[in-house]
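Next comes upload.cif, a file with mmCIF, C-alpha atoms.
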data_entry
loop_
_atom_site.label_atom_id
_atom_site.label_comp_id
_atom_site.auth_asym_id
_atom_site.auth_seq_id
_atom_site.Cartn_x
_atom_site.Cartn_y
_atom_site.Cartn_z
CA MET A 1 -44.32 -7.43 -22.70
CA LYS A 2 -43.18 -8.86 -26.04
CA LYS A 3 -42.69 -12.61 -26.39
CA MET A 4 -39.21 -13.86 -27.19
CA SER A 5 -38.60 -14.95 -30.76
CA VAL A 6 -37.43 -18.46 -31.63
CA PHE A 7 -33.99 -17.09 -32.52
CA SER A 8 -33.69 -15.39 -29.11
CA LYS A 9 -34.63 -18.63 -27.32
CA ILE A 10 -32.06 -20.59 -29.32
CA TYR A 11 -29.42 -17.93 -28.64
CA LEU A 12 -30.12 -18.03 -24.88
CA ALA A 13 -30.02 -21.83 -24.85
CA VAL A 14 -26.65 -21.87 -26.65
CA PHE A 15 -25.31 -19.08 -24.42
CA PHE A 16 -26.19 -20.78 -21.14
CA SER A 17 -25.10 -24.19 -22.46
CA PHE A 18 -21.71 -22.74 -23.34
CA MET A 19 -21.32 -21.45 -19.77
CA TYR A 20 -22.78 -24.28 -17.71
CA ILE A 21 -22.19 -27.55 -19.61
CA PRO A 22 -18.50 -27.67 -18.52
CA ILE A 23 -19.58 -27.19 -14.89
CA ALA A 24 -22.21 -29.91 -15.28
CA VAL A 25 -19.59 -32.30 -16.70
CA MET A 26 -17.27 -31.53 -13.79
CA ILE A 27 -20.06 -32.24 -11.27
CA VAL A 28 -20.95 -35.54 -12.96
CA PHE A 29 -17.32 -36.73 -13.04
CA SER A 30 -16.86 -35.82 -9.38
CA PHE A 31 -19.05 -38.89 -8.74
CA ASN A 32 -17.21 -41.09 -11.26
CA GLU A 33 -15.98 -44.38 -9.84
CA SER A 34 -12.72 -44.34 -11.81
CA LYS A 35 -10.14 -41.61 -12.44
CA SER A 36 -11.12 -41.50 -16.09
CA ARG A 37 -11.95 -38.04 -17.44
CA SER A 38 -13.67 -39.35 -20.54
CA VAL A 39 -15.78 -42.35 -19.47
CA PHE A 40 -18.28 -42.53 -16.60
CA THR A 41 -17.89 -46.02 -15.10
CA GLY A 42 -20.16 -45.80 -12.06
CA PHE A 43 -21.44 -43.67 -9.18
CA THR A 44 -19.36 -43.22 -6.02
CA LEU A 45 -18.75 -40.77 -3.16
CA ASP A 46 -15.18 -41.97 -2.60
CA TRP A 47 -13.61 -38.81 -4.04
CA TYR A 48 -15.52 -36.66 -1.56
CA LYS A 49 -14.36 -38.89 1.31
CA SER A 50 -10.80 -38.80 -0.02
CA LEU A 51 -10.97 -35.00 -0.34
CA PHE A 52 -11.54 -34.54 3.40
CA ARG A 53 -8.51 -36.74 4.11
CA ASN A 54 -6.17 -34.85 1.75
CA GLU A 55 -4.17 -32.55 4.03
CA MET A 56 -2.47 -30.67 1.19
CA ILE A 57 -5.75 -29.64 -0.50
CA LEU A 58 -7.46 -28.83 2.81
CA SER A 59 -4.50 -26.73 3.92
CA ALA A 60 -4.48 -24.82 0.61
CA LEU A 61 -8.26 -24.33 0.84
CA GLY A 62 -7.96 -23.01 4.41
CA ILE A 63 -5.27 -20.53 3.37
CA SER A 64 -7.37 -19.39 0.40
CA LEU A 65 -10.48 -18.87 2.55
CA VAL A 66 -8.62 -16.94 5.28
CA LEU A 67 -6.91 -14.83 2.63
CA ALA A 68 -10.15 -14.26 0.70
CA PHE A 69 -12.23 -13.21 3.71
CA GLY A 70 -9.43 -11.06 5.15
CA SER A 71 -8.67 -9.23 1.89
CA ALA A 72 -12.37 -8.87 1.01
CA ILE A 73 -13.22 -7.29 4.38
CA VAL A 74 -10.28 -4.87 4.31
CA ALA A 75 -10.77 -3.98 0.63
CA THR A 76 -14.52 -3.43 1.12
CA VAL A 77 -13.99 -1.10 4.08
CA ILE A 78 -11.16 0.89 2.45
CA GLY A 79 -12.90 0.96 -0.95
CA THR A 80 -16.20 2.15 0.54
CA LEU A 81 -14.47 4.98 2.41
CA ALA A 82 -12.51 5.85 -0.74
CA SER A 83 -15.75 5.92 -2.77
CA ILE A 84 -17.30 8.37 -0.30
CA GLY A 85 -14.24 10.60 -0.59
CA ILE A 86 -14.19 10.38 -4.39
CA ASN A 87 -17.92 11.15 -4.59
CA SER A 88 -17.41 14.38 -2.63
CA MET A 89 -14.74 15.65 -5.06
CA ARG A 90 -15.26 18.02 -7.94
CA LYS A 91 -16.41 16.45 -11.21
CA THR A 92 -13.04 16.92 -13.01
CA THR A 93 -10.99 15.57 -10.10
CA ARG A 94 -13.42 12.70 -9.62
CA GLY A 95 -13.09 11.73 -13.29
CA ILE A 96 -9.29 11.71 -13.08
CA ILE A 97 -9.30 9.58 -9.91
CA MET A 98 -11.80 7.10 -11.41
CA ASN A 99 -9.66 6.72 -14.54
CA ILE A 100 -6.59 6.07 -12.41
CA SER A 101 -8.56 3.55 -10.33
CA TYR A 102 -9.66 1.78 -13.52
CA MET A 103 -6.07 1.11 -14.65
CA PRO A 104 -5.44 -1.94 -12.41
CA VAL A 105 -8.59 -3.55 -13.82
CA ILE A 106 -7.56 -3.28 -17.49
CA ASN A 107 -3.90 -3.91 -16.67
CA PRO A 108 -2.79 -7.52 -17.42
CA GLU A 109 -2.54 -9.50 -14.20
CA ILE A 110 0.99 -10.67 -14.96
CA ILE A 111 2.19 -7.04 -14.96
CA THR A 112 0.50 -6.43 -11.61
CA GLY A 113 1.98 -9.64 -10.24
CA VAL A 114 5.53 -8.86 -11.40
CA SER A 115 5.35 -5.25 -10.17
CA LEU A 116 4.13 -6.35 -6.72
CA MET A 117 6.85 -9.00 -6.56
CA LEU A 118 9.52 -6.37 -7.34
CA LEU A 119 8.02 -4.07 -4.69
CA PHE A 120 8.19 -6.83 -2.09
CA VAL A 121 11.77 -7.68 -3.10
CA VAL A 122 12.78 -4.04 -2.62
CA ALA A 123 11.01 -4.02 0.76
CA LYS A 124 12.85 -7.23 1.70
CA THR A 125 16.18 -5.65 0.78
CA ALA A 126 15.38 -2.54 2.81
CA MET A 127 13.91 -4.29 5.85
CA GLY A 128 15.74 -7.58 5.76
CA GLY A 129 14.38 -10.97 6.75
CA LYS A 130 11.57 -13.01 5.22
CA ILE A 131 9.00 -10.97 3.31
CA PHE A 132 7.03 -13.31 1.02
CA GLY A 133 4.16 -15.13 2.70
CA MET A 134 0.65 -14.43 3.97
CA SER A 135 1.42 -10.74 4.53
CA THR A 136 2.46 -10.16 0.92
CA LEU A 137 -0.48 -12.22 -0.35
CA LEU A 138 -2.89 -10.17 1.75
CA ILE A 139 -1.47 -6.87 0.46
CA ALA A 140 -1.58 -8.13 -3.14
CA HIS A 141 -5.20 -9.29 -2.88
CA ILE A 142 -6.34 -6.06 -1.23
CA THR A 143 -4.60 -4.14 -4.02
CA PHE A 144 -6.39 -5.83 -6.92
CA ASN A 145 -9.75 -5.93 -5.08
CA LEU A 146 -9.95 -2.21 -4.26
CA PRO A 147 -10.94 -0.99 -7.76
CA TYR A 148 -13.91 -3.38 -7.89
CA VAL A 149 -15.25 -1.97 -4.61
CA ILE A 150 -14.87 1.61 -5.86
CA PHE A 151 -16.66 0.86 -9.13
CA ASN A 152 -19.55 -0.82 -7.31
CA VAL A 153 -20.08 1.66 -4.48
CA THR A 154 -19.49 4.99 -6.29
CA PRO A 155 -22.49 4.69 -8.70
CA LYS A 156 -24.74 3.86 -5.73
CA LEU A 157 -23.55 7.01 -3.94
CA LYS A 158 -24.36 9.07 -7.04
CA GLN A 159 -27.92 7.70 -7.06
CA MET A 160 -28.50 8.62 -3.41
CA ASP A 161 -30.33 11.85 -2.67
CA VAL A 162 -27.94 14.17 -0.80
CA LYS A 163 -30.92 15.83 0.87
CA MET A 164 -31.47 12.68 2.95
CA TYR A 165 -28.06 13.08 4.56
CA GLU A 166 -28.62 16.81 5.08
CA ALA A 167 -32.03 16.13 6.61
CA ALA A 168 -30.46 13.71 9.10
CA LEU A 169 -28.01 16.43 10.13
CA ASP A 170 -30.84 18.95 10.51
CA LEU A 171 -32.75 16.48 12.71
CA GLY A 172 -29.93 16.26 15.22
CA CYS A 173 -27.58 13.55 13.91
CA ASN A 174 -23.86 14.20 13.89
CA PRO A 175 -21.96 13.23 10.67
CA ARG A 176 -21.05 9.78 12.02
CA GLN A 177 -24.64 8.97 13.02
CA ALA A 178 -25.96 10.30 9.70
CA PHE A 179 -23.54 8.04 7.84
CA PHE A 180 -24.50 4.86 9.71
CA LYS A 181 -28.25 5.60 9.80
CA VAL A 182 -28.77 7.08 6.32
CA VAL A 183 -25.82 6.65 3.94
CA LEU A 184 -24.71 3.12 4.82
CA PRO A 185 -28.20 1.52 4.57
CA GLU A 186 -28.63 3.14 1.14
CA ILE A 187 -25.34 1.82 -0.25
CA MET A 188 -25.42 -1.52 1.60
CA PRO A 189 -26.48 -3.59 -1.47
CA ALA A 190 -23.44 -2.26 -3.36
CA VAL A 191 -21.19 -2.91 -0.35
CA VAL A 192 -22.41 -6.52 -0.06
CA SER A 193 -22.00 -7.16 -3.79
CA SER A 194 -18.50 -5.63 -3.63
CA PHE A 195 -17.59 -7.96 -0.76
CA LEU A 196 -18.82 -11.01 -2.71
CA ILE A 197 -16.92 -9.94 -5.84
CA CYS A 198 -13.73 -9.48 -3.80
CA LEU A 199 -14.25 -12.86 -2.15
CA THR A 200 -14.69 -14.59 -5.51
CA TYR A 201 -11.73 -12.90 -7.20
CA SER A 202 -9.49 -13.61 -4.23
CA ILE A 203 -10.32 -17.33 -4.11
CA ASP A 204 -9.96 -17.56 -7.90
CA ASP A 205 -6.72 -15.60 -8.34
CA PHE A 206 -3.64 -17.48 -9.50
CA ILE A 207 -1.26 -15.20 -11.41
CA ILE A 208 -0.82 -12.41 -8.84
CA SER A 209 -0.81 -14.93 -5.96
CA TYR A 210 1.89 -16.95 -7.71
CA PHE A 211 4.26 -13.96 -7.75
CA ALA A 212 3.48 -12.83 -4.18
CA SER A 213 3.12 -16.12 -2.31
CA GLY A 214 6.66 -17.33 -1.71
CA THR A 215 6.31 -20.82 -0.23
CA VAL A 216 2.65 -20.37 0.76
CA GLN A 217 0.25 -22.39 -1.41
CA THR A 218 -3.24 -21.10 -2.11
CA LEU A 219 -5.79 -23.44 -3.67
CA PRO A 220 -5.22 -22.32 -7.31
CA ILE A 221 -1.45 -22.72 -6.85
CA ALA A 222 -1.94 -26.18 -5.31
CA ILE A 223 -4.15 -27.22 -8.24
CA TYR A 224 -1.57 -25.89 -10.70
CA SER A 225 1.16 -27.96 -9.02
CA MET A 226 -1.07 -31.03 -9.32
CA THR A 227 -1.64 -30.51 -13.05
CA ARG A 228 2.04 -31.18 -13.71
CA LYS A 229 1.26 -34.80 -12.93
CA LYS A 230 -2.48 -35.45 -13.21
CA VAL A 231 -5.51 -33.70 -11.77
CA SER A 232 -7.13 -35.90 -9.14
CA PRO A 233 -10.93 -36.32 -9.14
CA GLU A 234 -10.74 -34.85 -5.62
CA ILE A 235 -10.40 -31.47 -7.34
CA ASN A 236 -13.69 -32.13 -9.14
CA ALA A 237 -15.32 -32.86 -5.78
CA LEU A 238 -13.86 -29.71 -4.20
CA SER A 239 -14.91 -27.55 -7.17
CA THR A 240 -18.44 -28.99 -6.99
CA ILE A 241 -18.73 -28.15 -3.27
CA MET A 242 -17.46 -24.60 -3.88
CA PHE A 243 -19.86 -24.12 -6.78
CA VAL A 244 -22.85 -25.29 -4.72
CA VAL A 245 -21.88 -23.07 -1.76
CA ILE A 246 -21.41 -19.96 -3.93
CA LEU A 247 -24.64 -20.65 -5.81
CA SER A 248 -26.52 -21.03 -2.52
CA VAL A 249 -25.14 -17.73 -1.21
CA ILE A 250 -26.14 -15.92 -4.40
CA LEU A 251 -29.66 -17.39 -4.31
CA LEU A 252 -30.08 -16.44 -0.64
CA ILE A 253 -28.94 -12.85 -1.29
CA ASN A 254 -31.22 -12.53 -4.32
CA ALA A 255 -34.16 -13.91 -2.31
CA LYS A 256 -33.45 -11.43 0.49
CA ASP A 257 -33.24 -8.54 -2.00
CA SER A 258 -36.51 -9.53 -3.65
CA GLN A 259 -38.23 -9.68 -0.25
CA SER A 260 -36.94 -6.22 0.67
CA GLN A 261 -38.13 -4.86 -2.69
CA LYS A 262 -41.59 -6.35 -2.07
CA LYS A 263 -41.71 -4.74 1.38
CA LYS A 264 -40.78 -1.36 -0.10
CA LYS A 265 -43.52 -1.65 -2.73
CA THR A 266 -46.03 -2.68 -0.06
CA ARG A 267 -45.13 0.35 2.07
CA ALA A 268 -45.32 2.64 -0.97
#
Show this structure as structure tokens.
Amino acid sequence: MKKMSVFSKIYLAVFFSFMYIPIAVMIVFSFNESKSRSVFTGFTLDWYKSLFRNEMILSALGISLVLAFGSAIVATVIGTLASIGINSMRKTTRGIIMNISYMPVINPEIITGVSLMLLFVVAKTAMGGKIFGMSTLLIAHITFNLPYVIFNVTPKLKQMDVKMYEAALDLGCNPRQAFFKVVLPEIMPAVVSSFLICLTYSIDDFIISYFASGTVQTLPIAIYSMTRKKVSPEINALSTIMFVVILSVILLINAKDSQSQKKKKTRA
């Protein structure tokens, strides 16, 4: 294995600094004694204590988490089933469907948000009553999460040896048993990564949620409303907690994957 050149090391250092220095600054100022965003005056945990007493932020966080987990679960299930269907299509048809599925990803979010808002307005006119709320938010989040599931699971299905599925059928499994015992374990890493991507995008989304939320406030919308006045250091504390939790989940999943890879090599 070739050693990295000095230029490569400098490039990596600059690259990771560019990504993580802002996060490091945010974490440091979440412990700042004053509300100043430019001077660190002393260490304190008051903003973390204040965070857990702020009903507006906690309510918005709860809504975001429920919405994120709900939309991620539904999108992962539907997207996985869609990927299996797409993978069984002819090459030409599969290519057309994949290109159509890719459009929401490259489409600007504001267009998706406005189009969903117009759709919900039409539905409100046709059905009557209150439409905007958690139901419209859930539909919107499932909609923009689905393509990411398809693009994660479909390549994994292509890598899988079809003969394994056929062998399971020959050995007495019905199609449902063959799917759960052979296909699903093979694509599970892609399914898990798809779920985590959906979860992250859902918690992070602002533009589409803004157009589909009505009076419901998700965490990004609540933070946006706070920026009109001044961002409280409580947001720094909340962002730090979320960053640590997400980082811990990623590290645990990577550790589990590395252990499974080691077991496979040992068996081989």
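What separates atom CA of A:Ala255 from atom CA of A:Val77 is a distance of 24.7 Å.
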Per-residue nearest contacts of stretch 16-98 of chain A to stretch 178-199 of chain A (6 Å; all atoms listed in the file) as a tab-separated table:
residue	atom	partner	partner_atom	distance
A:Ala68	CA	A:Leu199	CA	5.2
A:Ala72	CA	A:Cys198	CA	5.0
A:Thr76	CA	A:Phe195	CA	5.8
Prev. selection, C-alpha atoms, output as a tab-separated table (two decimals), in the frame of the given file:
chain	number	residue	atom	x	y	z
A	68	ALA	CA	-10.15	-14.26	0.70
A	72	ALA	CA	-12.37	-8.87	1.01
A	76	THR	CA	-14.52	-3.43	1.12
Atom CA of A:Val66 to atom CA of A:Ile106, distance in Å rounded to a single decimal: 26.6 Å
What's the separation between atom CA of A:Phe132 and atom CA of A:Gly113, in Å to one decimal place? 12.9 Å
Considering all atoms listed in the file, tabulate each residue of stretch 121-239 of chain A that lies at most 10 Å from stretch 47-56 of chain A along with its nearest interatomic pair and the corresponding distance in Å to one decimal; arrange the rows by chain and ascending residue number and present them as a tab-separated table.
residue	atom	partner	partner_atom	distance
A:Gln217	CA	A:Met56	CA	9.1
A:Leu219	CA	A:Met56	CA	9.3
A:Ala222	CA	A:Met56	CA	7.9
A:Ser232	CA	A:Trp47	CA	8.7
A:Pro233	CA	A:Trp47	CA	6.3
A:Glu234	CA	A:Trp47	CA	5.1
A:Ile235	CA	A:Leu51	CA	7.9
A:Asn236	CA	A:Trp47	CA	8.4
A:Ala237	CA	A:Tyr48	CA	5.7
A:Leu238	CA	A:Leu51	CA	7.2
So that I can check the surroundings of A:Val39, please list as a PyMOL selection string every protein, DNA and RNA residue that reaches within 12 Å of it, counting only C-alpha atoms and ignoring chain neighbours fewer than 5 positions away. chain A and resi 25+28-29+31-34
Show me, as lines of an AutoDock Vina configuration file, the centre and edge lengths in Å to one decimal of the axis-aligned box that covers every listed atom of stretch 72-89 of chain A with 4 Å on each side.
center_x = -14.1
center_y = 3.4
center_z = -0.3
size_x = 15.6
size_y = 32.5
size_z = 17.4
I want to know what sits within 8 Å of stretch 80-88 of chain A, based on only C-alpha atoms, with residues of the same chain fewer than 3 positions away left out; could you give that as a PDB file with C-alpha atoms, in the coordinates of the input?
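Result file result_4.pdb:
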ATOM      1  CA  THR A  76     -14.520  -3.430   1.120  1.00  0.00           C
ATOM      2  CA  VAL A  77     -13.990  -1.100   4.080  1.00  0.00           C
ATOM      3  CA  ARG A  94     -13.420  12.700  -9.620  1.00  0.00           C
ATOM      4  CA  ILE A  97      -9.300   9.580  -9.910  1.00  0.00           C
ATOM      5  CA  VAL A 149     -15.250  -1.970  -4.610  1.00  0.00           C
ATOM      6  CA  ILE A 150     -14.870   1.610  -5.860  1.00  0.00           C
ATOM      7  CA  VAL A 153     -20.080   1.660  -4.480  1.00  0.00           C
ATOM      8  CA  THR A 154     -19.490   4.990  -6.290  1.00  0.00           C
ATOM      9  CA  LEU A 157     -23.550   7.010  -3.940  1.00  0.00           C
ATOM     10  CA  LYS A 158     -24.360   9.070  -7.040  1.00  0.00           C
ATOM     11  CA  VAL A 191     -21.190  -2.910  -0.350  1.00  0.00           C
TER      12      VAL A 191
END
Taking the file above as input, evaluate the PyMOL selection byres ((chain A and resi 212) around 8) and report the hits as a ChimeraX atom specification. /A:113,116-117,120,132-133,136-137,140,208-211,213-214
